[in-house]
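Structure record follows, encoded as structure tokens.
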Amino acid sequence: MKEKYICLTGLIFIMLLCFCACEKPGTVQPGKIQLGVAYYNQNDTFLSQLNECLKDQLDRLETDNFEVIMTTRDAAGSQRTQDDQVKELIDAGCNVLCVNLADRTDPSEIIDLARENDVPIIFFNREPVAEDMMQWDKLYYVGADAQLSGILQGELAADAIRSDKKTDRNKDGKIQYVVLEGEPGHQDAIIRTESAVNTLKKGGIQLEKLSCGIANWNRSQAQNRMLQMISQHQNQIELVLANNDDMALGAIDAYEKLNYTESALPVFFGIDGTDAGLQAVLDGKMTATVYNDKEGQAQAMAELAAAVVTGKGMEEIEFVNGRYIYLSYYKADKEHADAFVK
Ligand code: BGC
Ligand code: CA
């Protein structure tokens with residue numbers, strides 16, 4: 001009898017141990033996603049529109065017995081601030097994180113925090129370097145193929161130049177161009193510029209680079225850079241390639257400020273297809289943009305978040321190199337821009 005009793009208490013003890021081990025913070029809690037989203041800068045036009053899409057996607061996941069809570073934080077450009085915000089999100093009980101790194105080369109602190117608490121991270125839009133992605137096996141990335149966006153921008157520009165001989169305003173057989181670049185060190189900035197320019201060259205367009213200005217994705221910085229470039233090169237600029245729509249719009253603002261007549265304007269190309277970018281294409285102010293599929297990215301983030309939390313549906317997700325999801329880009333010229341307007 002006594003032996004039986006010892007056996008039974010032993011069994012209960014082992015069961016209790018098992019139960020406690022399963023209750024570590026951050027482990028699977030089916031029935032609830034508590035998602036913490038950390039943005040590098042919520043004033044960023046593309047990201048603020050992506051955030052709206054993410055809310056829509058999370059609403060769709062919610063059912064009577066599946067709760068979804070989303071908490072967002074804005075690092076205003078500082079990695080230090082973001083590190084603290086991620087800690088707060090984890091302390092508040094988030095069981096998955098979406099992180100848009102302030103400094104894409106410096107995610108170690110965040111990765112350590114997440115690993116200690118077993119909270120998976122889906123990085124998005126600002127891609128960590130490959131070595132950092134290898135630090136832990138619960139790190140994922142959702143973004144888009146930067147090279148493709150540059151190729152599509154280059155093709156759109158080459159088509160426009162070929163179909164309108166007036167683009168070469170000084171008729172020297174070359175297209176004098178300037179580039180407005182995003183943040184230095186951002187995967188999309190360097191690659192977009194290179195692949196757009198190479199695509200134009202491959203398309204048989206003779207180019208002459210006049211200048212290049214960094215405007216950090218920002219419309220008013222782009223306006224200022226453009227005003228400087230116009231004053232340096234007066235009426236010589238025939239083409240403006242911008243790494244995103246906000247900077248293309250800033251360049252257009254600069255010419256509007258100087259009251260240029262339409263026939264003296266260069267042609268402008270952006271990337272993103274933000275609401276204002278698409279409108280500028282429809283109005284004929286921007287020749288074309290390349291649609292950055294925020295709906296697709298938001299959907300991939302939401303589905304992946306649900307899969308890592310519930311442990312269900314992971315097999316159906318198509319990863320590149322096991323942990324990356326890249327969405328496509330699409331051409332949006334005047335004829336096709338309408339299709340992307342919500
Ligand atoms: C977008 C930019 C945005 C940047 C932020 C890029 O992919 O095209 O508009 O500012 O991401 O990281
Ligand atoms: Ca020319």
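FYI, nothing fancy with the structure tokens labels: chains A, B, ... in order, residues from 1 per chain, ligands from 1 as they appear.
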
Item to complete: Pick out the residues sitting within 9 Å of range 288-300 of chain A, and hand them over as a ChimeraX atom specification; count only C-alpha atoms, and ignore anything fewer than 4 positions along from it in its own chain.
Response: /A:46-47,49-58,124-125,142-144,149-150,152-153,156-157,160,244-245,268-274,277-278,280-282,284,304-305,317,325-334,337,340

Practice prompt. List every residue of range 27-193 of chain A that DSSP, applied to the backbone, labels as helix (DSSP H, G or I), and write the result as number ranges by chain.
Written response: A: 45-61, 79-91, 108-117, 130-133, 146-163, 165-167, 187-193

Using only C-alpha atoms, determine which residues lie at most 8 Å from range 248-258 of chain A, disregarding the query and same-chain residues fewer than 3 positions distant; provide the list as an mmCIF file with C-alpha atoms, in the first residue's frame.
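The file below, around15.cif, is the result:
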```cif
data_model
loop_
_atom_site.group_PDB
_atom_site.id
_atom_site.type_symbol
_atom_site.label_atom_id
_atom_site.label_comp_id
_atom_site.auth_asym_id
_atom_site.auth_seq_id
_atom_site.Cartn_x
_atom_site.Cartn_y
_atom_site.Cartn_z
ATOM 1 C CA LEU A 180 17.563 60.129 -55.738
ATOM 2 C CA ASN A 218 11.907 61.267 -47.687
ATOM 3 C CA ARG A 219 9.841 63.676 -49.794
ATOM 4 C CA SER A 220 11.031 66.973 -48.384
ATOM 5 C CA GLN A 221 14.694 65.912 -48.327
ATOM 6 C CA ALA A 222 14.273 64.891 -51.961
ATOM 7 C CA GLN A 223 12.820 68.275 -52.828
ATOM 8 C CA ASN A 224 15.870 69.973 -51.317
ATOM 9 C CA MET A 226 16.524 68.176 -56.328
ATOM 10 C CA LEU A 227 16.577 71.973 -55.984
ATOM 11 C CA VAL A 240 14.956 61.417 -62.603
ATOM 12 C CA LEU A 241 15.203 57.901 -61.178
ATOM 13 C CA ALA A 242 14.058 57.768 -57.573
ATOM 14 C CA ASN A 243 14.434 54.752 -55.278
ATOM 15 C CA ASN A 244 10.881 55.327 -54.004
ATOM 16 C CA ASP A 245 7.729 57.312 -54.772
ATOM 17 C CA LEU A 265 10.415 68.953 -67.272
ATOM 18 C CA PHE A 268 10.181 60.950 -63.227
ATOM 19 C CA PHE A 269 10.114 57.331 -62.067
ATOM 20 C CA GLY A 270 9.404 56.016 -58.569
ATOM 21 C CA GLY A 277 2.550 57.883 -56.089
ATOM 22 C CA ALA A 280 0.778 61.209 -59.618
ATOM 23 C CA LYS A 285 3.069 63.934 -63.326
ATOM 24 C CA MET A 286 5.127 60.778 -62.682
#
```

Practice prompt. Using only C-alpha atoms, pick whichever of A:Gly203, A:Gly185, A:Tyr177, A:Ile190 has the shortest atom-to-atom distance to His233 in chain A.
Written response: A:Tyr177

Discussion item. Just want the 10 Å neighbourhood of Ile90 in chain A, counted on only C-alpha atoms, with same-chain residues fewer than 6 positions away dropped. Output as a PyMOL selection string.
Written reply: chain A and resi 25-26+34-36+96-97+113-114+117-119

Write out, as a CSV table (one decimal), in the first residue's frame, the residues just selected, with N, CA and C atoms.
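Dumped to out-v2.csv:
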```
chain,number,residue,atom,x,y,z
A,25,PRO,N,7.3,31.1,-20.8
A,25,PRO,CA,6.8,32.2,-21.5
A,25,PRO,C,7.1,32.1,-23.0
A,26,GLY,N,6.2,32.5,-23.8
A,26,GLY,CA,6.5,32.6,-25.3
A,26,GLY,C,6.2,31.3,-26.0
A,34,GLN,N,-0.6,37.2,-29.8
A,34,GLN,CA,-0.3,38.6,-29.3
A,34,GLN,C,1.0,39.1,-30.1
A,35,LEU,N,0.7,39.9,-31.1
A,35,LEU,CA,1.8,40.3,-32.0
A,35,LEU,C,2.3,41.7,-31.6
A,36,GLY,N,3.6,41.8,-31.5
A,36,GLY,CA,4.3,43.1,-31.3
A,36,GLY,C,4.9,43.5,-32.6
A,96,VAL,N,4.8,36.6,-30.5
A,96,VAL,CA,5.5,36.7,-31.8
A,96,VAL,C,5.7,38.2,-32.1
A,97,LEU,N,6.8,38.4,-32.8
A,97,LEU,CA,7.2,39.8,-33.1
A,97,LEU,C,7.4,40.0,-34.6
A,113,LEU,N,17.2,38.8,-26.9
A,113,LEU,CA,16.1,39.0,-26.1
A,113,LEU,C,15.0,38.0,-26.5
A,114,ALA,N,14.8,37.9,-27.8
A,114,ALA,CA,13.7,37.0,-28.4
A,114,ALA,C,14.0,35.5,-28.1
A,117,ASN,N,13.5,34.4,-24.5
A,117,ASN,CA,12.1,34.3,-24.1
A,117,ASN,C,11.4,33.4,-25.1
A,118,ASP,N,12.1,32.8,-26.0
A,118,ASP,CA,11.5,31.9,-27.0
A,118,ASP,C,10.3,32.6,-27.8
A,119,VAL,N,10.5,33.8,-28.2
A,119,VAL,CA,9.5,34.5,-29.0
A,119,VAL,C,10.0,34.7,-30.5
```

Discussion item. Can you pull out every residue from range 21-113 of chain A that DSSP, working from the backbone, puts in strand (DSSP E), and format the result as a ChimeraX atom specification?
Written reply: /A:32-39,67-74,96-99

Discussion item. Any residue with an atom at most 9 Å from ligand 2 counts, using only C-alpha atoms and all ligand atoms. Which are they? Put them as a ChimeraX atom specification.
Written reply: /A:167-177,206-208,236-238

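Going from CA of Ser195 in chain A over to CA of Ile151 in chain A, you cover 5.4 Å.
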
Discussion item. I need the residue nearest ligand 1 from this list: A:Asp74, A:Asp91, A:Asp44, A:Glu194. Use only C-alpha atoms and all ligand atoms for the distance.
Written reply: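 The closest residue to ligand 1 is A:Asp44.
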
Worksheet item: From the list A:Ala306, A:Val68, A:Ala215, A:Cys94, which residue is nearest ligand 1 when using only C-alpha atoms and all ligand atoms?
Response: A:Ala215

Discussion item. Given only C-alpha atoms as the basis, pick out the residue of A:Arg126, A:Lys138, A:Tyr39, A:Lys87 nearest to Val309 in chain A.
Written reply: A:Lys138

Worksheet item: Of the candidates A:Asp64, A:Asp275, A:Asp338, A:Glu131, which shows the shortest atom-to-atom distance to Pro107 in chain A, using only C-alpha atoms?
Response: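 Between A:Asp64, A:Asp275, A:Asp338, A:Glu131, the residue approaching Pro107 in chain A most closely is A:Glu131.
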
Practice prompt. Could you please determine the separation between CA of Val197 in chain A and CA of Met247 in chain A in Å, to one decimal place?
Written response: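 Taking CA of Val197 in chain A and CA of Met247 in chain A, their separation equals 17.1 Å.
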
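With distances taken over only C-alpha atoms and all ligand atoms, A:Asn216 is the one residue among A:Thr193, A:Ser108, A:Asn216, A:Ser163 lying closest to ligand 1.
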
Practice prompt. Excluding Leu101 in chain A and any residue of its chain fewer than 5 positions from it, enumerate the residues within 10 Å of it, using only C-alpha atoms, and give them as a PyMOL selection string.
Written response: chain A and resi 38-41+75+77-79+82-83+106-107+110+123-128

File dump, residues just selected, N, CA, C and O atoms, as a compact mmCIF listing (two decimals), in the first residue's frame:
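Everything below was put into result22.txt:
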```
# COMPACT_ATOMS: atom_id res chain seq x y z
N ALA A 38 7.30 46.30 -34.38
CA ALA A 38 8.24 47.40 -34.12
C ALA A 38 8.66 48.02 -35.45
O ALA A 38 9.25 47.35 -36.29
N TYR A 39 8.33 49.30 -35.63
CA TYR A 39 8.68 50.02 -36.87
C TYR A 39 9.92 50.88 -36.68
O TYR A 39 10.08 51.50 -35.62
N TYR A 40 10.72 50.98 -37.73
CA TYR A 40 11.89 51.87 -37.64
C TYR A 40 11.42 53.31 -37.58
O TYR A 40 12.02 54.15 -36.92
N ASN A 41 10.32 53.62 -38.30
CA ASN A 41 9.83 54.99 -38.35
C ASN A 41 8.42 54.97 -38.94
O ASN A 41 8.27 54.70 -40.13
N ALA A 75 10.24 53.38 -33.48
CA ALA A 75 11.58 53.66 -32.95
C ALA A 75 12.12 55.03 -33.39
O ALA A 75 13.22 55.41 -32.96
N GLY A 77 13.71 55.93 -35.80
CA GLY A 77 15.04 55.86 -36.39
C GLY A 77 16.15 55.37 -35.47
O GLY A 77 17.29 55.21 -35.91
N SER A 78 15.85 55.12 -34.20
CA SER A 78 16.93 54.74 -33.27
C SER A 78 16.89 53.25 -32.90
O SER A 78 15.89 52.75 -32.38
N GLN A 79 18.03 52.57 -33.12
CA GLN A 79 18.10 51.14 -32.78
C GLN A 79 18.03 50.92 -31.27
O GLN A 79 17.40 49.98 -30.80
N GLN A 82 14.55 51.05 -30.27
CA GLN A 82 13.85 49.84 -30.72
C GLN A 82 14.17 48.64 -29.82
O GLN A 82 13.29 47.85 -29.51
N ASP A 83 15.44 48.53 -29.41
CA ASP A 83 15.81 47.43 -28.51
C ASP A 83 14.95 47.48 -27.24
O ASP A 83 14.43 46.46 -26.78
N ASP A 106 22.28 45.74 -37.14
CA ASP A 106 22.49 45.66 -35.69
C ASP A 106 21.33 45.01 -34.93
O ASP A 106 20.76 45.61 -34.02
N PRO A 107 20.94 43.77 -35.31
CA PRO A 107 19.78 43.16 -34.65
C PRO A 107 20.14 42.26 -33.47
O PRO A 107 19.24 41.64 -32.89
N ILE A 110 18.17 42.42 -30.08
CA ILE A 110 16.78 41.97 -30.24
C ILE A 110 16.73 40.45 -30.37
O ILE A 110 15.88 39.78 -29.77
N PHE A 123 11.28 39.45 -39.27
CA PHE A 123 11.80 40.74 -39.72
C PHE A 123 11.08 41.09 -41.02
O PHE A 123 10.70 40.19 -41.78
N PHE A 124 10.90 42.37 -41.29
CA PHE A 124 10.27 42.72 -42.57
C PHE A 124 10.80 44.04 -43.09
O PHE A 124 11.23 44.90 -42.33
N ASN A 125 10.80 44.15 -44.40
CA ASN A 125 11.13 45.37 -45.16
C ASN A 125 12.60 45.82 -45.05
O ASN A 125 13.16 46.35 -46.00
N ARG A 126 13.24 45.62 -43.93
CA ARG A 126 14.65 45.98 -43.76
C ARG A 126 15.36 44.69 -43.39
O ARG A 126 15.28 44.22 -42.26
N GLU A 127 16.06 44.15 -44.37
CA GLU A 127 16.56 42.77 -44.28
C GLU A 127 17.85 42.68 -43.48
O GLU A 127 18.84 43.33 -43.82
N PRO A 128 17.86 41.85 -42.43
CA PRO A 128 19.12 41.65 -41.70
C PRO A 128 20.13 40.94 -42.60
O PRO A 128 19.72 40.28 -43.56
```

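The space between CA of Glu315 in chain A and CA of Glu62 in chain A spans 21.0 Å.
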